[in-house]
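Colleague: Take a look at my_file.cif, mmCIF, C-alpha atoms:
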```cif
data_data
#
loop_
_atom_site.label_atom_id
_atom_site.label_comp_id
_atom_site.auth_asym_id
_atom_site.auth_seq_id
_atom_site.Cartn_x
_atom_site.Cartn_y
_atom_site.Cartn_z
CA MET A 1 -17.50 -24.47 -0.47
CA THR A 2 -16.84 -24.84 3.26
CA ASN A 3 -18.49 -22.88 6.00
CA SER A 4 -19.44 -23.20 9.65
CA ASN A 5 -22.83 -22.85 11.28
CA GLU A 6 -21.80 -19.37 12.44
CA THR A 7 -21.22 -18.11 8.92
CA GLN A 8 -24.13 -16.10 7.53
CA ILE A 9 -24.73 -16.17 3.78
CA HIS A 10 -27.48 -14.06 2.26
CA PRO A 11 -29.65 -16.06 -0.14
CA THR A 12 -29.04 -13.61 -2.99
CA SER A 13 -25.26 -14.06 -2.87
CA VAL A 14 -23.44 -16.36 -5.32
CA ILE A 15 -20.62 -18.54 -3.99
CA GLU A 16 -18.96 -20.79 -6.55
CA ASN A 17 -18.01 -24.36 -5.75
CA GLY A 18 -14.45 -24.51 -4.43
CA ALA A 19 -14.52 -21.23 -2.51
CA SER A 20 -13.43 -21.52 1.12
CA LEU A 21 -15.04 -19.49 3.90
CA GLY A 22 -13.71 -19.32 7.44
CA VAL A 23 -15.63 -19.31 10.69
CA GLY A 24 -18.00 -16.43 11.37
CA CYS A 25 -18.02 -14.85 7.91
CA ASN A 26 -20.91 -12.61 6.90
CA ILE A 27 -21.69 -12.62 3.17
CA GLY A 28 -24.13 -9.81 2.39
CA PRO A 29 -26.73 -9.49 -0.35
CA TYR A 30 -25.78 -9.86 -4.02
CA SER A 31 -22.13 -10.57 -3.33
CA ILE A 32 -20.21 -12.91 -5.66
CA ILE A 33 -17.31 -15.12 -4.54
CA GLY A 34 -15.25 -17.02 -7.12
CA ALA A 35 -14.17 -20.64 -6.97
CA ASP A 36 -10.53 -19.93 -6.01
CA VAL A 37 -11.25 -17.41 -3.25
CA VAL A 38 -10.23 -18.10 0.35
CA LEU A 39 -11.76 -16.01 3.14
CA GLY A 40 -10.36 -16.10 6.67
CA ASP A 41 -12.44 -16.06 9.82
CA ASN A 42 -14.91 -13.23 10.48
CA VAL A 43 -14.59 -11.65 7.04
CA SER A 44 -17.58 -9.41 6.30
CA LEU A 45 -18.87 -8.48 2.84
CA LYS A 46 -21.52 -5.79 3.32
CA SER A 47 -23.31 -6.26 -0.02
CA HIS A 48 -22.71 -6.21 -3.81
CA VAL A 49 -19.05 -7.20 -3.35
CA VAL A 50 -17.25 -9.12 -6.11
CA ILE A 51 -14.23 -11.25 -5.17
CA ASP A 52 -12.66 -13.28 -7.96
CA GLY A 53 -9.41 -14.95 -8.99
CA ARG A 54 -6.89 -16.58 -6.69
CA THR A 55 -7.62 -14.22 -3.83
CA GLN A 56 -6.94 -14.72 -0.13
CA ILE A 57 -8.43 -12.37 2.46
CA GLY A 58 -7.27 -12.43 6.08
CA ASP A 59 -9.31 -12.68 9.26
CA GLY A 60 -11.47 -9.77 10.30
CA THR A 61 -11.38 -7.85 7.03
CA THR A 62 -14.51 -5.88 6.11
CA ILE A 63 -15.39 -5.00 2.51
CA TYR A 64 -18.08 -2.49 1.59
CA PRO A 65 -20.55 -2.39 -1.33
CA PHE A 66 -19.42 -2.42 -4.96
CA ALA A 67 -15.78 -3.19 -4.23
CA SER A 68 -14.13 -5.33 -6.92
CA ILE A 69 -11.37 -7.52 -5.51
CA GLY A 70 -9.15 -9.96 -7.39
CA THR A 71 -10.46 -9.45 -10.92
CA ALA A 72 -7.97 -9.53 -13.82
CA PRO A 73 -5.16 -6.93 -13.82
CA GLN A 74 -5.53 -3.86 -15.99
CA ASP A 75 -2.45 -4.82 -17.99
CA LEU A 76 -2.57 -5.64 -21.70
CA LYS A 77 0.28 -8.13 -21.23
CA PHE A 78 -1.78 -10.25 -18.85
CA LYS A 79 -2.84 -13.51 -20.52
CA GLY A 80 -4.58 -15.29 -17.68
CA GLU A 81 -1.51 -16.47 -15.78
CA PRO A 82 -2.19 -18.05 -12.34
CA SER A 83 -1.51 -14.90 -10.33
CA GLU A 84 -2.60 -14.10 -6.79
CA LEU A 85 -3.96 -11.33 -4.60
CA ILE A 86 -3.17 -11.78 -0.91
CA ILE A 87 -4.86 -9.41 1.55
CA GLY A 88 -3.96 -9.50 5.23
CA LYS A 89 -5.98 -9.29 8.42
CA ASN A 90 -8.31 -6.61 9.78
CA ASN A 91 -8.38 -4.42 6.70
CA THR A 92 -11.25 -2.08 5.87
CA ILE A 93 -11.95 -1.79 2.14
CA ARG A 94 -14.57 0.81 1.33
CA GLU A 95 -17.06 1.32 -1.48
CA HIS A 96 -15.92 0.96 -5.12
CA ALA A 97 -12.34 0.10 -4.15
CA THR A 98 -10.46 -2.12 -6.62
CA MET A 99 -7.51 -4.45 -6.03
CA ASN A 100 -5.92 -6.61 -8.74
CA PRO A 101 -3.70 -9.69 -8.63
CA GLY A 102 -0.16 -9.82 -9.96
CA THR A 103 1.31 -10.45 -13.40
CA ALA A 104 4.17 -12.52 -14.78
CA ASP A 105 6.42 -9.45 -14.86
CA GLY A 106 5.91 -8.84 -11.14
CA GLY A 107 6.17 -12.29 -9.62
CA LEU A 108 2.47 -13.12 -10.10
CA LYS A 109 1.52 -11.65 -6.74
CA THR A 110 -0.07 -8.53 -5.23
CA VAL A 111 0.23 -8.33 -1.44
CA VAL A 112 -1.64 -6.11 1.01
CA GLY A 113 -0.63 -6.16 4.71
CA ASP A 114 -2.71 -5.99 7.88
CA ASN A 115 -4.83 -3.25 9.46
CA GLY A 116 -5.13 -1.05 6.38
CA LEU A 117 -7.87 1.42 5.51
CA PHE A 118 -8.65 1.73 1.81
CA MET A 119 -11.26 4.43 1.41
CA MET A 120 -13.83 4.89 -1.34
CA ALA A 121 -12.68 4.27 -4.93
CA THR A 122 -9.05 3.59 -4.06
CA HIS A 123 -7.11 1.43 -6.52
CA VAL A 124 -4.32 -1.06 -5.85
CA ALA A 125 -2.91 -2.19 -9.19
CA HIS A 126 -1.16 -5.43 -10.12
CA ASP A 127 2.08 -6.45 -8.38
CA CYS A 128 1.87 -3.83 -5.64
CA ILE A 129 3.36 -4.70 -2.25
CA ILE A 130 1.72 -2.81 0.61
CA GLY A 131 2.77 -2.91 4.26
CA ASP A 132 0.76 -2.83 7.48
CA ASN A 133 -1.37 0.04 8.82
CA VAL A 134 -1.50 1.83 5.47
CA ILE A 135 -4.23 4.40 4.80
CA MET A 136 -5.31 5.37 1.29
CA ALA A 137 -7.84 8.20 1.23
CA ASN A 138 -10.68 8.55 -1.29
CA ASN A 139 -9.72 8.03 -4.95
CA ALA A 140 -6.01 7.50 -4.23
CA THR A 141 -4.41 5.31 -6.90
CA LEU A 142 -1.35 3.05 -7.05
CA GLY A 143 0.09 2.11 -10.44
CA GLY A 144 1.48 -1.36 -11.01
CA HIS A 145 4.53 -2.63 -9.12
CA VAL A 146 4.37 0.11 -6.46
CA THR A 147 5.86 -0.68 -3.06
CA VAL A 148 4.40 1.00 0.04
CA GLY A 149 5.97 0.65 3.50
CA ASP A 150 4.25 0.36 6.86
CA ARG A 151 2.13 3.22 8.25
CA VAL A 152 2.08 5.24 5.05
CA LEU A 153 -0.74 7.74 4.50
CA ILE A 154 -1.72 8.54 0.91
CA GLY A 155 -4.04 11.54 0.55
CA GLY A 156 -7.19 11.74 -1.50
CA LEU A 157 -6.87 11.85 -5.32
CA ALA A 158 -3.13 11.21 -5.13
CA ALA A 159 -1.65 9.06 -7.89
CA VAL A 160 1.56 7.03 -7.55
CA HIS A 161 3.44 6.16 -10.76
CA GLN A 162 4.17 2.50 -11.47
CA PHE A 163 7.36 1.06 -9.91
CA VAL A 164 7.67 3.92 -7.41
CA ARG A 165 8.67 3.03 -3.83
CA ILE A 166 7.20 4.79 -0.81
CA GLY A 167 9.11 4.33 2.45
CA SER A 168 7.51 3.57 5.79
CA PHE A 169 5.87 6.40 7.76
CA ALA A 170 5.77 8.63 4.67
CA VAL A 171 2.78 10.85 3.94
CA ILE A 172 1.58 11.80 0.44
CA GLY A 173 -0.43 15.00 0.16
CA GLY A 174 -3.82 14.98 -1.49
CA MET A 175 -3.96 15.45 -5.29
CA SER A 176 -0.21 14.79 -5.61
CA GLY A 177 1.31 13.03 -8.59
CA VAL A 178 4.21 10.94 -7.24
CA GLU A 179 6.80 10.14 -9.91
CA SER A 180 9.86 9.45 -7.74
CA ASP A 181 10.71 7.32 -4.71
CA VAL A 182 9.71 8.81 -1.36
CA ILE A 183 12.12 8.26 1.53
CA PRO A 184 10.92 6.74 4.82
CA PHE A 185 9.43 9.42 7.09
CA GLY A 186 9.16 11.81 4.12
CA ARG A 187 6.33 14.24 3.41
CA VAL A 188 5.56 15.08 -0.20
CA LYS A 189 3.02 17.34 -1.84
CA GLY A 190 2.26 19.19 -5.04
CA GLU A 191 0.78 18.57 -8.48
CA ARG A 192 4.07 16.91 -9.41
CA ALA A 193 5.10 15.93 -5.93
CA SER A 194 8.22 17.34 -4.29
CA LEU A 195 9.67 16.55 -0.89
CA ALA A 196 8.31 19.06 1.61
CA GLY A 197 10.01 17.80 4.75
CA LEU A 198 9.41 15.02 7.25
CA ASN A 199 6.16 13.49 8.45
CA LEU A 200 6.57 14.90 11.94
CA VAL A 201 2.97 14.24 12.93
CA GLY A 202 3.29 10.62 11.87
CA LEU A 203 6.55 10.27 13.78
CA GLU A 204 5.00 11.65 16.96
CA ARG A 205 1.93 9.46 16.64
CA GLY A 206 4.19 6.49 15.95
CA GLY A 207 5.82 6.88 19.36
CA PHE A 208 9.22 8.20 18.26
CA THR A 209 11.02 10.24 20.90
CA LYS A 210 12.08 13.85 20.46
CA ASP A 211 15.71 12.77 20.31
CA GLN A 212 14.97 10.25 17.58
CA ILE A 213 13.08 12.86 15.58
CA ARG A 214 15.94 15.36 15.92
CA ILE A 215 18.40 12.77 14.61
CA ILE A 216 16.16 12.07 11.62
CA GLN A 217 15.81 15.81 10.97
CA ARG A 218 19.57 16.27 11.00
CA ALA A 219 20.07 13.36 8.62
CA PHE A 220 17.38 14.75 6.32
CA LYS A 221 19.15 18.13 6.18
CA ASP A 222 22.53 16.52 5.51
CA ILE A 223 21.13 14.32 2.72
CA PHE A 224 19.28 17.05 0.86
CA ASP A 225 21.22 20.23 1.78
CA GLY A 226 24.77 18.97 2.27
CA ASP A 227 27.79 19.29 -0.03
CA GLY A 228 28.59 16.94 -2.88
CA ASN A 229 26.32 14.73 -4.95
CA LEU A 230 23.59 12.54 -3.47
CA ASP A 231 25.70 9.40 -3.15
CA GLN A 232 28.47 11.35 -1.42
CA ARG A 233 26.01 12.88 1.01
CA LEU A 234 24.50 9.46 1.75
CA GLU A 235 27.96 8.09 2.46
CA HIS A 236 28.66 10.98 4.84
CA VAL A 237 25.36 10.48 6.68
CA ALA A 238 25.90 6.72 6.93
CA LYS A 239 29.33 7.20 8.54
CA ASP A 240 27.96 9.74 11.02
CA ASN A 241 25.06 7.50 12.07
CA VAL A 242 26.50 4.00 12.30
CA GLY A 243 24.17 1.82 14.36
CA ASN A 244 21.20 4.19 14.17
CA ASP A 245 18.44 2.04 12.72
CA LEU A 246 16.21 4.94 11.71
CA VAL A 247 18.86 6.80 9.72
CA GLU A 248 20.14 3.55 8.24
CA LYS A 249 16.61 2.85 7.04
CA ILE A 250 16.62 6.12 5.07
CA VAL A 251 20.15 5.62 3.71
CA ASP A 252 19.51 2.03 2.62
CA PHE A 253 16.27 3.03 0.95
CA ALA A 254 18.01 5.85 -0.96
CA ARG A 255 20.91 3.66 -2.02
CA ASN A 256 18.58 0.98 -3.38
CA ARG A 257 16.85 3.23 -5.89
CA GLU A 258 16.49 1.54 -9.28
CA LYS A 259 13.73 2.71 -11.61
CA PHE A 260 13.54 6.30 -10.36
CA GLY A 261 15.52 8.81 -8.37
CA LEU A 262 14.45 10.18 -5.02
CA CYS A 263 11.68 12.70 -4.67
CA GLN A 264 13.58 15.94 -3.98
CA PRO A 265 12.79 19.26 -2.30
CA GLU A 266 11.46 21.84 -4.71
CA GLN A 267 14.65 23.95 -4.72
CA LYS A 268 16.70 20.86 -5.55
CA LYS A 269 14.39 20.00 -8.43
CA ALA A 270 14.77 23.54 -9.76
#
```
Translate the structure described by the file into structure tokens.

Modeller:
Amino acid sequence: MTNSNETQIHPTSVIENGASLGVGCNIGPYSIIGADVVLGDNVSLKSHVVIDGRTQIGDGTTIYPFASIGTAPQDLKFKGEPSELIIGKNNTIREHATMNPGTADGGLKTVVGDNGLFMMATHVAHDCIIGDNVIMANNATLGGHVTVGDRVLIGGLAAVHQFVRIGSFAVIGGMSGVESDVIPFGRVKGERASLAGLNLVGLERGGFTKDQIRIIQRAFKDIFDGDGNLDQRLEHVAKDNVGNDLVEKIVDFARNREKFGLCQPEQKKA
């Protein structure tokens, strides 16, 4: 174990030999840190936090009581492979949250970006890839192999099916079951989630101009209400918006669907 004079370690905590602690860490009462854990500078564990496995946690991250980070994936195929959990900088991980490392089927790696807020009892399963500035509200759950873009908001008690992709700036309504890919800037809701429009509040807060938002709205309408099948509509939208990064982001995301189709508006589903 390595630590500086500025690092504070409560005497009731357990830190296994081999663990690495950065400068200015604060390890609260009854916390347990495994031998292969690496903590960046100024990481704070409030109390009763368990961090295990090959887990890296970036500078400035704060973890609250009874969180379980880096323990074995909840996957019956996992046989102890040397997988990793990599958590970025300045995240807030609240009480009873769980995050698991990767598996052989997913590249042996789970990755969480910077500046996220993971509220009470949220779950990030094995092999998930999560972007920056993501918020998961209380009891939101990600199945294995889920990909989440930057600045996504996932409402309380929402559940995202394994292998689903959620595009950047999307918002998932509370108590929604997400079984299909959600386009960037999309807004979905419902017991079995359907696409309810665009995340206009998120776009405004993200600094997008009114003109940019109008272009995205027009592309959204053409993709989901235009003539022809989905691939034909995507081709039409791509040709009409050459060089527009925001529309190209949506089109590229839609074209790259693999495991599941796109989450559709309710009338389209019907």

Colleague: Which residues of region 98-210 of chain A come within 10 Å of region 49-66 of chain A, and for each one, what is the closest pair of atoms and their distance in Å to one decimal, counting only C-alpha atoms, sorted by chain and residue number, as a Markdown table?

Modeller:
```
| residue | atom | partner | partner_atom | distance |
| --- | --- | --- | --- | --- |
| A:Thr98 | CA | A:Phe66 | CA | 9.1 |
| A:Met99 | CA | A:Ile51 | CA | 9.6 |
| A:Asn100 | CA | A:Gly53 | CA | 9.0 |
| A:Pro101 | CA | A:Thr55 | CA | 7.7 |
| A:Lys109 | CA | A:Arg54 | CA | 9.7 |
| A:Thr110 | CA | A:Thr55 | CA | 9.6 |
| A:Val111 | CA | A:Gln56 | CA | 9.7 |
| A:Val112 | CA | A:Ile57 | CA | 9.3 |
| A:Gly113 | CA | A:Gly58 | CA | 9.2 |
| A:Asp114 | CA | A:Gly58 | CA | 8.1 |
| A:Asn115 | CA | A:Thr61 | CA | 8.4 |
| A:Gly116 | CA | A:Thr61 | CA | 9.3 |
| A:Leu117 | CA | A:Thr62 | CA | 9.9 |
| A:Phe118 | CA | A:Ile63 | CA | 9.6 |
| A:Met119 | CA | A:Tyr64 | CA | 9.7 |
| A:Met120 | CA | A:Tyr64 | CA | 9.0 |
| A:Ala121 | CA | A:Phe66 | CA | 9.5 |
```

Colleague: Tell me which protein, DNA and RNA residues are within 12 Å of Ile216 (chain A), counting all atoms listed in the file, leaving out same-chain ones fewer than 5 positions away, and put them as a PyMOL selection string.

Modeller: chain A and resi 183-186+197-200+203+208-211+221-223+237+241+244-251

Colleague: Choose the residue, out of A:Ile135, A:Cys25, A:Val124, A:Val37, that has the smallest atom-to-atom separation from Ala97 (chain A); count all atoms listed in the file.

Modeller: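 Using all atoms listed in the file, Ala97 (chain A) sits closest to A:Val124.
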
Colleague: What gap, in Å, lies between CA of Ile32 (chain A) and CA of Ile69 (chain A)?

Modeller: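 Spanning CA of Ile32 (chain A) to CA of Ile69 (chain A) is a straight-line distance of 10.4 Å.
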
Colleague: Taking all atoms listed in the file into account, name the residue in A:Asn42, A:Gln162, A:Asn26, A:Thr147 that is nearest to Lys89 (chain A).

Modeller: A:Asn42

Colleague: Pick out the residues sitting within 10 Å of His236 (chain A), and hand them over as a count of residues only; count all atoms listed in the file, and ignore anything fewer than 2 positions along from it in its own chain.

Modeller: 15

Colleague: Do you know which residues the PyMOL selection byres ((chain A and resi 7-24) around 9) returns on this file, as a PyMOL selection string?

Modeller: chain A and resi 1-6+25-44+47-48+59

Colleague: Using all atoms listed in the file, which residue out of A:Leu153, A:Ala196, A:Val182, A:Ile86 lies closest to Gly167 (chain A)?

Modeller: A:Val182

Colleague: Interatomic distance between CA of Val178 (chain A) and CA of Gly155 (chain A)?

Modeller: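 Distance between the two atoms: 11.4 Å.
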
Colleague: Would you mind listing what lies within 6 Å of Ser168 (chain A) as a PyMOL selection string, with all atoms listed in the file counted and same-chain residues fewer than 4 positions away left out?

Modeller: chain A and resi 149-152+184

Colleague: Would you compute the distance between CA of His126 (chain A) and CA of Gly106 (chain A)? Give it in Å to one decimal.

Modeller: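 Interatomic distance here is 7.9 Å.
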
Colleague: Rank A:Asp225, A:Glu95, A:Glu84, A:Glu258 by their smallest atom-to-atom distance to Ser180 (chain A), using all atoms listed in the file, and report the top residue only.

Modeller: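 Once distances to Ser180 (chain A) are computed over all atoms listed in the file, the minimum belongs to A:Glu258.
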
Colleague: Once the PyMOL selection byres ((chain A and resi 157) around 12) has been applied to the shown file, what residues remain in the selection, as number ranges by chain?

Modeller: A: 119-123, 136-142, 154-156, 158-160, 172-178, 189-191

Colleague: Any chance you could export the current selection's C-alpha atoms as a PDB file, keeping the file's coordinate frame?

Modeller:
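Full text of part-v3.pdb as output:
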```
ATOM      1  CA  MET A 119     -11.260   4.430   1.410  1.00  0.00           C
ATOM      2  CA  MET A 120     -13.830   4.890  -1.340  1.00  0.00           C
ATOM      3  CA  ALA A 121     -12.680   4.270  -4.930  1.00  0.00           C
ATOM      4  CA  THR A 122      -9.050   3.590  -4.060  1.00  0.00           C
ATOM      5  CA  HIS A 123      -7.110   1.430  -6.520  1.00  0.00           C
ATOM      6  CA  MET A 136      -5.310   5.370   1.290  1.00  0.00           C
ATOM      7  CA  ALA A 137      -7.840   8.200   1.230  1.00  0.00           C
ATOM      8  CA  ASN A 138     -10.680   8.550  -1.290  1.00  0.00           C
ATOM      9  CA  ASN A 139      -9.720   8.030  -4.950  1.00  0.00           C
ATOM     10  CA  ALA A 140      -6.010   7.500  -4.230  1.00  0.00           C
ATOM     11  CA  THR A 141      -4.410   5.310  -6.900  1.00  0.00           C
ATOM     12  CA  LEU A 142      -1.350   3.050  -7.050  1.00  0.00           C
ATOM     13  CA  ILE A 154      -1.720   8.540   0.910  1.00  0.00           C
ATOM     14  CA  GLY A 155      -4.040  11.540   0.550  1.00  0.00           C
ATOM     15  CA  GLY A 156      -7.190  11.740  -1.500  1.00  0.00           C
ATOM     16  CA  ALA A 158      -3.130  11.210  -5.130  1.00  0.00           C
ATOM     17  CA  ALA A 159      -1.650   9.060  -7.890  1.00  0.00           C
ATOM     18  CA  VAL A 160       1.560   7.030  -7.550  1.00  0.00           C
ATOM     19  CA  ILE A 172       1.580  11.800   0.440  1.00  0.00           C
ATOM     20  CA  GLY A 173      -0.430  15.000   0.160  1.00  0.00           C
ATOM     21  CA  GLY A 174      -3.820  14.980  -1.490  1.00  0.00           C
ATOM     22  CA  MET A 175      -3.960  15.450  -5.290  1.00  0.00           C
ATOM     23  CA  SER A 176      -0.210  14.790  -5.610  1.00  0.00           C
ATOM     24  CA  GLY A 177       1.310  13.030  -8.590  1.00  0.00           C
ATOM     25  CA  VAL A 178       4.210  10.940  -7.240  1.00  0.00           C
ATOM     26  CA  LYS A 189       3.020  17.340  -1.840  1.00  0.00           C
ATOM     27  CA  GLY A 190       2.260  19.190  -5.040  1.00  0.00           C
ATOM     28  CA  GLU A 191       0.780  18.570  -8.480  1.00  0.00           C
TER      29      GLU A 191
END
```

Colleague: Would you mind putting N, CA and C atoms back on region 128-147 of chain A and writing the result as an mmCIF file, in the coordinates of the input?

Modeller:
```
data_model
loop_
_atom_site.group_PDB
_atom_site.id
_atom_site.type_symbol
_atom_site.label_atom_id
_atom_site.label_comp_id
_atom_site.auth_asym_id
_atom_site.auth_seq_id
_atom_site.Cartn_x
_atom_site.Cartn_y
_atom_site.Cartn_z
ATOM 1 N N CYS A 128 1.531 -4.733 -6.737
ATOM 2 C CA CYS A 128 1.870 -3.830 -5.640
ATOM 3 C C CYS A 128 2.165 -4.651 -4.374
ATOM 4 N N ILE A 129 3.048 -4.125 -3.558
ATOM 5 C CA ILE A 129 3.360 -4.700 -2.250
ATOM 6 C C ILE A 129 3.110 -3.608 -1.217
ATOM 7 N N ILE A 130 2.147 -3.830 -0.342
ATOM 8 C CA ILE A 130 1.720 -2.810 0.610
ATOM 9 C C ILE A 130 1.921 -3.340 2.027
ATOM 10 N N GLY A 131 2.493 -2.510 2.895
ATOM 11 C CA GLY A 131 2.770 -2.910 4.260
ATOM 12 C C GLY A 131 1.561 -2.845 5.163
ATOM 13 N N ASP A 132 1.817 -2.847 6.470
ATOM 14 C CA ASP A 132 0.760 -2.830 7.480
ATOM 15 C C ASP A 132 0.371 -1.391 7.842
ATOM 16 N N ASN A 133 -0.877 -1.238 8.294
ATOM 17 C CA ASN A 133 -1.370 0.040 8.820
ATOM 18 C C ASN A 133 -1.280 1.168 7.786
ATOM 19 N N VAL A 134 -1.522 0.840 6.544
ATOM 20 C CA VAL A 134 -1.500 1.830 5.470
ATOM 21 C C VAL A 134 -2.900 2.423 5.306
ATOM 22 N N ILE A 135 -2.960 3.720 5.073
ATOM 23 C CA ILE A 135 -4.230 4.400 4.800
ATOM 24 C C ILE A 135 -4.162 5.030 3.418
ATOM 25 N N MET A 136 -5.140 4.703 2.576
ATOM 26 C CA MET A 136 -5.310 5.370 1.290
ATOM 27 C C MET A 136 -6.647 6.090 1.324
ATOM 28 N N ALA A 137 -6.614 7.416 1.182
ATOM 29 C CA ALA A 137 -7.840 8.200 1.230
ATOM 30 C C ALA A 137 -8.588 8.121 -0.104
ATOM 31 N N ASN A 138 -9.769 8.690 -0.147
ATOM 32 C CA ASN A 138 -10.680 8.550 -1.290
ATOM 33 C C ASN A 138 -9.996 8.825 -2.622
ATOM 34 N N ASN A 139 -10.183 7.891 -3.567
ATOM 35 C CA ASN A 139 -9.720 8.030 -4.950
ATOM 36 C C ASN A 139 -8.198 8.021 -5.111
ATOM 37 N N ALA A 140 -7.456 7.661 -4.075
ATOM 38 C CA ALA A 140 -6.010 7.500 -4.230
ATOM 39 C C ALA A 140 -5.734 6.263 -5.085
ATOM 40 N N THR A 141 -4.668 6.340 -5.891
ATOM 41 C CA THR A 141 -4.410 5.310 -6.900
ATOM 42 C C THR A 141 -2.945 4.900 -6.889
ATOM 43 N N LEU A 142 -2.701 3.594 -6.905
ATOM 44 C CA LEU A 142 -1.350 3.050 -7.050
ATOM 45 C C LEU A 142 -1.225 2.395 -8.408
ATOM 46 N N GLY A 143 -0.217 2.806 -9.205
ATOM 47 C CA GLY A 143 0.090 2.110 -10.440
ATOM 48 C C GLY A 143 0.700 0.748 -10.147
ATOM 49 N N GLY A 144 0.926 -0.035 -11.178
ATOM 50 C CA GLY A 144 1.480 -1.360 -11.010
ATOM 51 C C GLY A 144 2.880 -1.350 -10.417
ATOM 52 N N HIS A 145 3.198 -2.405 -9.667
ATOM 53 C CA HIS A 145 4.530 -2.630 -9.120
ATOM 54 C C HIS A 145 4.957 -1.602 -8.074
ATOM 55 N N VAL A 146 4.043 -0.863 -7.503
ATOM 56 C CA VAL A 146 4.370 0.110 -6.460
ATOM 57 C C VAL A 146 4.604 -0.624 -5.141
ATOM 58 N N THR A 147 5.591 -0.153 -4.389
ATOM 59 C CA THR A 147 5.860 -0.680 -3.060
ATOM 60 C C THR A 147 5.577 0.396 -2.018
#
```
